[in-house]
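A.B. asks: For reference, this is data-v5.csv, and it has CSV, C-alpha atoms.
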chain,number,residue,atom,x,y,z
A,1,MET,CA,-8.8,-34.5,46.8
A,2,ALA,CA,-7.9,-31.7,49.1
A,3,GLU,CA,-4.5,-33.3,49.6
A,4,GLU,CA,-3.9,-33.3,45.8
A,5,GLU,CA,-4.7,-29.6,45.4
A,6,ALA,CA,-2.5,-28.5,48.3
A,7,VAL,CA,1.0,-27.3,47.4
A,8,SER,CA,3.7,-29.6,48.7
A,9,PRO,CA,6.4,-28.2,50.9
A,10,SER,CA,9.0,-29.0,48.2
A,11,GLN,CA,7.0,-27.1,45.5
A,12,GLU,CA,6.5,-24.2,47.9
A,13,SER,CA,10.2,-23.9,48.6
A,14,TYR,CA,10.9,-24.1,44.8
A,15,LEU,CA,8.5,-21.3,44.1
A,16,ALA,CA,9.9,-19.2,46.9
A,17,SER,CA,13.4,-19.7,45.6
A,18,LEU,CA,12.3,-18.8,42.1
A,19,ALA,CA,10.6,-15.6,43.2
A,20,TYR,CA,13.7,-14.8,45.3
A,21,GLU,CA,16.0,-15.2,42.2
A,22,ILE,CA,13.7,-13.1,40.0
A,23,PHE,CA,13.2,-10.2,42.3
A,24,THR,CA,16.6,-9.9,43.9
A,25,SER,CA,18.6,-9.5,40.7
A,26,PRO,CA,18.4,-6.0,39.0
A,27,LEU,CA,18.9,-7.6,35.6
A,28,ASN,CA,16.0,-10.0,36.1
A,29,ILE,CA,13.8,-7.1,37.3
A,30,PHE,CA,14.7,-5.1,34.2
A,31,LEU,CA,14.0,-8.0,31.8
A,32,LEU,CA,10.7,-8.7,33.6
A,33,GLY,CA,9.8,-5.0,33.0
A,34,VAL,CA,10.7,-5.2,29.3
A,35,CYS,CA,8.6,-8.3,28.9
A,36,ALA,CA,5.7,-6.6,30.6
A,37,VAL,CA,5.9,-3.6,28.3
A,38,LEU,CA,6.2,-5.8,25.2
A,39,ILE,CA,3.2,-7.8,26.2
A,40,TYR,CA,1.2,-4.6,26.9
A,41,LYS,CA,2.0,-3.3,23.4
A,42,ILE,CA,1.1,-6.5,21.7
A,43,LEU,CA,-2.2,-6.9,23.6
A,44,ARG,CA,-3.5,-3.3,23.8
A,45,PRO,CA,-6.4,-2.5,21.6
A,46,SER,CA,-5.7,-0.3,18.6
A,47,ASP,CA,-8.1,2.6,18.5
A,48,GLY,CA,-7.0,3.8,15.1
A,49,SER,CA,-6.2,7.3,16.5
A,50,GLY,CA,-2.7,7.3,15.2
A,51,ALA,CA,-1.3,8.3,18.6
A,52,ALA,CA,1.2,5.5,18.7
A,53,THR,CA,2.3,6.0,15.1
A,54,GLY,CA,2.8,9.8,15.3
A,55,PRO,CA,1.1,12.5,13.3
A,56,GLN,CA,-0.6,11.5,10.1
A,57,GLU,CA,-0.7,13.5,6.9
A,58,PRO,CA,-4.0,15.2,6.3
A,59,PRO,CA,-6.0,13.4,3.6
A,60,ILE,CA,-5.7,14.9,0.1
A,61,PRO,CA,-8.8,15.5,-2.0
A,62,LYS,CA,-9.9,12.8,-4.3
A,63,MET,CA,-8.6,13.3,-7.8
A,64,LYS,CA,-11.2,14.1,-10.5
A,65,ARG,CA,-11.7,11.5,-13.2
A,66,GLN,CA,-9.7,12.5,-16.3
A,67,ASP,CA,-7.7,11.0,-19.2
A,68,MET,CA,-4.1,12.1,-19.5
A,69,THR,CA,-1.3,12.3,-22.0
A,70,LEU,CA,2.2,11.2,-20.9
A,71,GLU,CA,3.1,14.8,-20.5
A,72,GLN,CA,0.2,15.4,-18.1
A,73,LEU,CA,1.0,12.2,-16.2
A,74,ARG,CA,4.5,13.3,-15.6
A,75,GLN,CA,3.2,16.1,-13.3
A,76,TYR,CA,2.1,13.4,-10.8
A,77,ASP,CA,5.5,12.1,-9.7
A,78,GLY,CA,5.1,12.9,-6.0
A,79,LYS,CA,6.9,16.3,-6.2
A,80,GLY,CA,3.9,18.4,-7.3
A,81,GLU,CA,0.8,19.7,-5.6
A,82,TYR,CA,-0.2,17.5,-2.6
A,83,GLY,CA,2.6,15.1,-3.5
A,84,ARG,CA,0.2,13.1,-5.5
A,85,VAL,CA,1.6,10.1,-7.4
A,86,CYS,CA,-0.1,8.5,-10.4
A,87,VAL,CA,1.1,5.5,-12.5
A,88,GLY,CA,0.0,4.3,-15.9
A,89,VAL,CA,-0.6,0.5,-16.3
A,90,ASN,CA,-1.8,-1.0,-19.6
A,91,GLY,CA,-3.5,2.2,-20.8
A,92,LYS,CA,-5.0,3.1,-17.5
A,93,ILE,CA,-4.0,5.6,-14.9
A,94,PHE,CA,-4.1,4.9,-11.2
A,95,ASP,CA,-3.7,7.3,-8.2
A,96,VAL,CA,-1.1,5.4,-6.1
A,97,THR,CA,-0.6,8.3,-3.6
A,98,ARG,CA,-1.6,5.9,-0.8
A,99,GLY,CA,1.5,3.9,-1.8
A,100,LYS,CA,3.7,7.0,-1.8
A,101,LYS,CA,6.4,5.1,0.2
A,102,PHE,CA,6.9,2.9,-2.8
A,103,TYR,CA,6.1,5.0,-5.8
A,104,GLY,CA,7.0,8.5,-4.5
A,105,PRO,CA,10.4,10.2,-4.5
A,106,GLY,CA,13.0,8.0,-2.7
A,107,GLY,CA,10.8,4.9,-2.9
A,108,PRO,CA,12.0,1.7,-4.5
A,109,TYR,CA,9.6,2.1,-7.4
A,110,ALA,CA,9.9,5.9,-7.8
A,111,ALA,CA,10.8,5.4,-11.5
A,112,PHE,CA,7.1,4.5,-12.0
A,113,GLY,CA,5.7,7.7,-10.5
A,114,GLY,CA,4.2,9.9,-13.1
A,115,ARG,CA,5.0,7.4,-15.9
A,116,ASP,CA,3.6,4.5,-17.8
A,117,ALA,CA,5.0,1.5,-15.9
A,118,THR,CA,3.6,-1.2,-18.2
A,119,ARG,CA,6.8,-2.3,-19.9
A,120,ALA,CA,8.7,-2.3,-16.6
A,121,LEU,CA,6.0,-4.4,-15.0
A,122,ALA,CA,6.0,-6.8,-17.9
A,123,THR,CA,9.8,-7.3,-17.9
A,124,PHE,CA,10.2,-7.1,-14.1
A,125,SER,CA,12.7,-4.3,-14.5
A,126,VAL,CA,12.3,-1.0,-12.8
A,127,ASP,CA,14.8,0.6,-15.3
A,128,ASP,CA,12.6,-0.4,-18.3
A,129,VAL,CA,10.4,2.7,-18.2
A,130,LYS,CA,10.0,4.5,-21.5
A,131,GLU,CA,9.8,8.3,-21.9
A,132,ASP,CA,7.7,8.2,-25.0
A,133,TYR,CA,4.4,6.5,-25.7
A,134,ASP,CA,5.0,2.7,-25.8
A,135,ASP,CA,2.6,0.6,-27.9
A,136,LEU,CA,3.8,-2.7,-26.3
A,137,SER,CA,3.5,-4.6,-29.6
A,138,ASP,CA,6.8,-6.3,-29.0
A,139,LEU,CA,5.9,-7.9,-25.7
A,140,SER,CA,5.4,-11.7,-25.6
A,141,SER,CA,2.0,-13.2,-24.6
A,142,MET,CA,3.5,-14.2,-21.2
A,143,GLN,CA,4.6,-10.6,-20.6
A,144,MET,CA,1.1,-9.4,-21.6
A,145,ASP,CA,-0.5,-11.8,-19.2
A,146,SER,CA,1.8,-10.5,-16.5
A,147,VAL,CA,0.7,-6.9,-17.4
A,148,ARG,CA,-3.0,-7.9,-17.1
A,149,GLU,CA,-2.3,-9.4,-13.6
A,150,TRP,CA,-0.6,-6.2,-12.6
A,151,GLU,CA,-3.5,-4.2,-14.0
A,152,ILE,CA,-6.0,-6.2,-11.8
A,153,GLN,CA,-3.9,-5.7,-8.7
A,154,PHE,CA,-3.7,-1.9,-9.3
A,155,THR,CA,-7.5,-1.8,-10.0
A,156,GLU,CA,-8.2,-3.6,-6.7
A,157,LYS,CA,-5.8,-1.5,-4.6
A,158,TYR,CA,-5.8,2.0,-6.1
A,159,GLU,CA,-8.2,4.5,-7.5
A,160,TYR,CA,-8.7,4.5,-11.2
A,161,ILE,CA,-8.3,8.0,-12.7
A,162,GLY,CA,-8.7,7.6,-16.4
A,163,LYS,CA,-7.1,6.4,-19.7
A,164,LEU,CA,-3.5,7.0,-20.8
A,165,LEU,CA,-4.0,8.8,-24.1
A,166,LYS,CA,-2.2,7.8,-27.2
A,167,PRO,CA,-0.6,10.6,-29.2
A,168,GLY,CA,-3.4,12.5,-31.0
A,169,GLU,CA,-6.2,10.7,-29.1
A,170,GLU,CA,-8.9,12.9,-27.5
A,171,ALA,CA,-9.7,12.9,-23.8
A,172,THR,CA,-13.1,11.7,-22.6
A,173,GLU,CA,-15.2,14.3,-20.7
A,174,TYR,CA,-16.4,12.6,-17.5
A,175,SER,CA,-19.6,13.9,-15.9
A,176,ASP,CA,-20.2,14.2,-12.2
A,177,GLU,CA,-22.8,11.4,-12.5
A,178,GLU,CA,-20.2,9.0,-14.0
A,179,GLU,CA,-17.8,9.8,-11.1
A,180,ALA,CA,-20.5,9.2,-8.5
A,181,LYS,CA,-21.4,5.9,-10.1
A,182,ASP,CA,-17.8,4.8,-10.2
A,183,ALA,CA,-17.3,5.8,-6.6
A,184,LYS,CA,-20.4,3.8,-5.7
A,185,ASP,CA,-19.0,0.8,-7.6
A,186,THR,CA,-15.7,1.1,-5.9
A,187,LYS,CA,-17.3,1.2,-2.5
A,188,ALA,CA,-19.3,-1.9,-3.3
A,189,LYS,CA,-16.2,-3.8,-4.4
A,190,LYS,CA,-14.4,-2.9,-1.1
A,191,ASP,CA,-17.4,-4.0,0.9
A,192,GLU,CA,-17.4,-7.5,-0.7
Show the structure stored in the file as structure tokens.
C.D. replies:
Amino acid sequence: MAEEEAVSPSQESYLASLAYEIFTSPLNIFLLGVCAVLIYKILRPSDGSGAATGPQEPPIPKMKRQDMTLEQLRQYDGKGEYGRVCVGVNGKIFDVTRGKKFYGPGGPYAAFGGRDATRALATFSVDDVKEDYDDLSDLSSMQMDSVREWEIQFTEKYEYIGKLLKPGEEATEYSDEEEAKDAKDTKAKKDE
């Protein structure tokens, strides 16, 4: 057994010549260093401090529960106070500020910021955002199914703010107790 574990002279000379090739060429040393750095970056533990990603924006305060008209919703296009972005989907308003890269100014879906995006989501067209209230009565059943799927995705990912009010509709007054209950329900959903 001892004979099997021992390195044969031919293997020893092969390893020596391989090490000689690697460590005598400046290019090989450089590539070895690059590989070591990449392996370190892949394997190092992420402490969540944000040091590697640069400075993070300070968290913005949670938005108070409220119903909005289209006019009020337009204020939340990412250009106002705190850069907050809200989007309307199927009569509901969501705070999508967390996804500001997508829905904020300069993002691929910036047309949705501060607007009712329901028709655009139903038709899969970013340009299909209406300026006035849209009753959606002309959408097909397939398009409405798509809208409901989008609504579920927004509900799971973003904070629900309130209803998108129809013209002439009155806003609901939300109490602090309702907001606390909704926050508790949201936390329970995320923990599942």
A.B. asks: Find the residues around A:Arg148 up to 10 Å (all atoms listed in the file counted), leave out those fewer than 5 positions away in its own chain, and share them as a ChimeraX atom specification.
C.D. replies: /A:89-90,118,121-122,142-143,153-154
A.B. asks: Select, from A:Pro105, A:Gly91, A:Pro61, A:Gly162, the residue with the minimum atom-to-atom distance to A:Tyr174, counting only C-alpha atoms.
C.D. replies: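 Using only C-alpha atoms, A:Tyr174 sits closest to A:Gly162.
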A.B. asks: Identify which of the residues A:Arg119, A:Arg98, A:Arg44, A:Lys92 lies closest to A:Arg65, counting only C-alpha atoms when measuring atom-to-atom distances.
C.D. replies: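 When distances to A:Arg65 are compared using only C-alpha atoms, the smallest one comes from A:Lys92.
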A.B. asks: For the atom pair atom CA of A:Ala111 and atom CA of A:Gln75, what is the interatomic distance in Å to one decimal place?
C.D. replies: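 Spanning atom CA of A:Ala111 to atom CA of A:Gln75 is a straight-line distance of 13.2 Å.
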A.B. asks: What is the atom CA of A:Tyr14 to atom CA of A:Gly33 distance in Å?
C.D. replies: 22.5 Å
A.B. asks: Rounded to one decimal in Å, what is the spacing between atom CA of A:Glu151 and atom CA of A:Pro58?
C.D. replies: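 Atom CA of A:Glu151 sits 28.1 Å away from atom CA of A:Pro58.
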A.B. asks: Tell me which of A:Glu21, A:Lys157, A:Pro45, A:Leu15 sits closest to A:Gly99, counting all atoms listed in the file.
C.D. replies: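 When distances to A:Gly99 are compared using all atoms listed in the file, the smallest one comes from A:Lys157.
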A.B. asks: Any idea what's packed within 12 Å of A:Gly88, counting only C-alpha atoms, ignoring anything in its chain fewer than 3 positions away? Could you give it as number ranges by chain?
C.D. replies: A: 67-74, 76-77, 85, 91-96, 103, 111-121, 129-130, 133-134, 147, 150-151, 154-155, 158-165
